[in-house]
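Quick notes on the structure that follows.
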Amino acid sequence: QLHLVESGGGLVQPGGSLRLSCAASGFILDYYVIGWFRQAPGKEREGVSCISSSGDSTNYADSVRGRFTVSRDNAKNTVYLQMNSLKPEDTAIYFCAAAPRTRITTVRTMCGISPLYDYWGQGTQVTVSS
């Protein structure tokens, strides 16, 4: 069975930091582009960030650029999202998703398109509040 499992969410004060992890089981992440998405109550799911299969290309939504950093450790079959300077508007459920690297050929323009992803995690809640 193929699974993605997110972890690392929680409650944090504005200005704080969290690091989310996305661990894969049943398949090798090396061949996949990994995207991070989030969905806040009453809002549509939006792309946050993504990273190419090799890790040499990344992309970020304007709302998180400069605050969030995506990285991956293929040896551990895990992708990370470091979130700094968190704001209340970052509150959402965060999901990671995997798409074959042969499908997302240009990370910058394609990685925020959710139908391109085959596998999704169950999500982890991030709440930013004082």
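Scheme for the structure tokens: letters A, B, ... for chains in order shown; per-chain residue numbers from 1; ligand numbers from 1 in order shown.
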
Applying 10 Å and only C-alpha atoms, which residues near Ser7 of chain A remain after dropping the ones on its own chain fewer than 5 positions away? List them as a PDB file with C-alpha atoms, in the first residue's frame.
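Printed below is selection-v6.pdb as written:
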```pdb
ATOM      1  CA  ARG A  19       8.413  21.944  10.809  1.00  0.00           C
ATOM      2  CA  LEU A  20       6.087  19.619   8.979  1.00  0.00           C
ATOM      3  CA  SER A  21       7.223  16.222   7.761  1.00  0.00           C
ATOM      4  CA  CYS A  22       5.808  14.106   4.963  1.00  0.00           C
ATOM      5  CA  ALA A  23       6.901  10.479   5.146  1.00  0.00           C
ATOM      6  CA  TYR A  80       9.922  18.722   5.077  1.00  0.00           C
ATOM      7  CA  TYR A  94      -1.668  21.046   5.563  1.00  0.00           C
ATOM      8  CA  PHE A  95      -1.399  18.187   3.103  1.00  0.00           C
ATOM      9  CA  GLY A 121      -1.654  12.374   2.955  1.00  0.00           C
ATOM     10  CA  GLN A 122      -4.412  12.730   5.519  1.00  0.00           C
ATOM     11  CA  GLY A 123      -3.306  16.198   6.572  1.00  0.00           C
ATOM     12  CA  THR A 124      -1.978  17.805   9.729  1.00  0.00           C
ATOM     13  CA  GLN A 125      -3.594  20.752  11.486  1.00  0.00           C
TER      14      GLN A 125
END
```

Test item: residues at most 8 Å from segment 26-40 of chain A, only C-alpha atoms, excluding those fewer than 3 positions along its chain, as number ranges by chain: A: 1-3, 43-54, 74, 77-79, 81, 91-101, 104, 111-112

Residue contacts of Ser129 of chain A (10 Å, only C-alpha atoms) excluding same-chain residues fewer than 2 positions away, as a list of chain:residue names: A:Leu11, A:Val12, A:Gln13, A:Pro14, A:Gly15, A:Gly16, A:Leu86, A:Lys87, A:Pro88, A:Glu89, A:Asp90, A:Thr91, A:Val126, A:Thr127

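Residue nearest Gln82 of chain A within the list A:Thr58, A:Val70, A:Gly10, A:Thr109: A:Val70 [criterion: smallest interatomic distance, only C-alpha atoms].
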
Separation of atom CA of Gly8 of chain A from atom CA of Arg108 of chain A, in Å and rounded to one decimal: 25.8 Å

Backbone DSSP call of alpha helix (DSSP H) for chain A, listed as a ChimeraX atom specification: /A:107-110

Print the selection's residues with C-alpha atoms to a file, as a PDB file, in the first residue's frame.
```
ATOM      1  CA  VAL A 107       7.971  22.833 -11.062  1.00  0.00           C
ATOM      2  CA  ARG A 108       7.548  26.587 -11.199  1.00  0.00           C
ATOM      3  CA  THR A 109       4.421  26.565 -13.354  1.00  0.00           C
ATOM      4  CA  MET A 110       2.880  23.159 -12.662  1.00  0.00           C
TER       5      MET A 110
END
```

Those in chain A with strand (DSSP E) from DSSP, as JSON, numbers by chain: {"A": [3, 4, 5, 6, 7, 10, 11, 12, 18, 19, 20, 21, 22, 23, 24, 25, 32, 33, 34, 35, 36, 37, 38, 39, 46, 47, 48, 49, 50, 51, 58, 59, 60, 68, 69, 70, 71, 72, 73, 78, 79, 80, 81, 82, 83, 92, 93, 94, 95, 96, 97, 98, 99, 100, 119, 120, 124, 125, 126, 127, 128]}

Given the selection you just returned, output its residues as a file containing C-alpha atoms, formatted as a PDB file, in the first residue's frame.
```pdb
ATOM      1  CA  HIS A   3       0.931   6.083   1.880  1.00  0.00           C
ATOM      2  CA  LEU A   4       1.951   9.615   2.700  1.00  0.00           C
ATOM      3  CA  VAL A   5       1.812  10.646   6.329  1.00  0.00           C
ATOM      4  CA  GLU A   6       2.168  14.217   7.517  1.00  0.00           C
ATOM      5  CA  SER A   7       3.268  15.144  11.008  1.00  0.00           C
ATOM      6  CA  GLY A  10       0.144  21.937  16.192  1.00  0.00           C
ATOM      7  CA  LEU A  11      -0.722  25.174  17.927  1.00  0.00           C
ATOM      8  CA  VAL A  12       1.827  27.973  17.740  1.00  0.00           C
ATOM      9  CA  LEU A  18       6.843  24.628  12.956  1.00  0.00           C
ATOM     10  CA  ARG A  19       8.413  21.944  10.809  1.00  0.00           C
ATOM     11  CA  LEU A  20       6.087  19.619   8.979  1.00  0.00           C
ATOM     12  CA  SER A  21       7.223  16.222   7.761  1.00  0.00           C
ATOM     13  CA  CYS A  22       5.808  14.106   4.963  1.00  0.00           C
ATOM     14  CA  ALA A  23       6.901  10.479   5.146  1.00  0.00           C
ATOM     15  CA  ALA A  24       6.253   8.006   2.352  1.00  0.00           C
ATOM     16  CA  SER A  25       5.739   4.286   2.665  1.00  0.00           C
ATOM     17  CA  TYR A  32       8.142  12.064  -7.312  1.00  0.00           C
ATOM     18  CA  VAL A  33       7.576  15.777  -7.119  1.00  0.00           C
ATOM     19  CA  ILE A  34       6.168  16.601  -3.690  1.00  0.00           C
ATOM     20  CA  GLY A  35       3.725  19.396  -3.172  1.00  0.00           C
ATOM     21  CA  TRP A  36       2.430  20.981   0.017  1.00  0.00           C
ATOM     22  CA  PHE A  37      -1.128  22.251   0.005  1.00  0.00           C
ATOM     23  CA  ARG A  38      -3.342  23.740   2.682  1.00  0.00           C
ATOM     24  CA  GLN A  39      -7.020  24.230   3.250  1.00  0.00           C
ATOM     25  CA  GLU A  46      -4.318  26.123  -2.214  1.00  0.00           C
ATOM     26  CA  GLY A  47      -0.803  25.202  -3.192  1.00  0.00           C
ATOM     27  CA  VAL A  48       1.843  26.299  -0.719  1.00  0.00           C
ATOM     28  CA  SER A  49       5.114  24.916  -1.978  1.00  0.00           C
ATOM     29  CA  CYS A  50       6.672  22.097  -3.913  1.00  0.00           C
ATOM     30  CA  ILE A  51      10.004  20.485  -4.580  1.00  0.00           C
ATOM     31  CA  THR A  58      11.418  24.568  -5.521  1.00  0.00           C
ATOM     32  CA  ASN A  59       8.459  26.892  -5.730  1.00  0.00           C
ATOM     33  CA  TYR A  60       6.424  28.863  -3.213  1.00  0.00           C
ATOM     34  CA  PHE A  68       8.594  28.768   4.402  1.00  0.00           C
ATOM     35  CA  THR A  69      11.304  26.437   3.144  1.00  0.00           C
ATOM     36  CA  VAL A  70      10.726  23.051   1.543  1.00  0.00           C
ATOM     37  CA  SER A  71      13.414  20.370   1.541  1.00  0.00           C
ATOM     38  CA  ARG A  72      13.708  16.649   1.114  1.00  0.00           C
ATOM     39  CA  ASP A  73      15.826  13.757   2.315  1.00  0.00           C
ATOM     40  CA  THR A  78      10.765  12.218   3.705  1.00  0.00           C
ATOM     41  CA  VAL A  79      10.006  15.792   2.676  1.00  0.00           C
ATOM     42  CA  TYR A  80       9.922  18.722   5.077  1.00  0.00           C
ATOM     43  CA  LEU A  81       8.249  22.105   5.225  1.00  0.00           C
ATOM     44  CA  GLN A  82       9.921  24.533   7.601  1.00  0.00           C
ATOM     45  CA  MET A  83       7.501  27.295   8.495  1.00  0.00           C
ATOM     46  CA  ALA A  92      -5.162  25.444   7.934  1.00  0.00           C
ATOM     47  CA  ILE A  93      -4.901  21.733   7.438  1.00  0.00           C
ATOM     48  CA  TYR A  94      -1.668  21.046   5.563  1.00  0.00           C
ATOM     49  CA  PHE A  95      -1.399  18.187   3.103  1.00  0.00           C
ATOM     50  CA  CYS A  96       1.502  16.730   1.189  1.00  0.00           C
ATOM     51  CA  ALA A  97       1.009  15.079  -2.167  1.00  0.00           C
ATOM     52  CA  ALA A  98       3.148  13.162  -4.658  1.00  0.00           C
ATOM     53  CA  ALA A  99       3.166  13.405  -8.443  1.00  0.00           C
ATOM     54  CA  PRO A 100       5.394  11.457 -10.849  1.00  0.00           C
ATOM     55  CA  TYR A 119      -1.088  10.350  -3.675  1.00  0.00           C
ATOM     56  CA  TRP A 120      -2.231  12.477  -0.771  1.00  0.00           C
ATOM     57  CA  THR A 124      -1.978  17.805   9.729  1.00  0.00           C
ATOM     58  CA  GLN A 125      -3.594  20.752  11.486  1.00  0.00           C
ATOM     59  CA  VAL A 126      -1.623  23.962  11.924  1.00  0.00           C
ATOM     60  CA  THR A 127      -3.169  26.617  14.150  1.00  0.00           C
ATOM     61  CA  VAL A 128      -1.528  29.992  14.631  1.00  0.00           C
TER      62      VAL A 128
END
```

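Take atom CA of Ser85 of chain A and atom CA of Ser57 of chain A: the distance between them is 22.8 Å.
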
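From atom CA of Gly55 of chain A back to atom CA of Ile113 of chain A, the distance works out to 18.6 Å.
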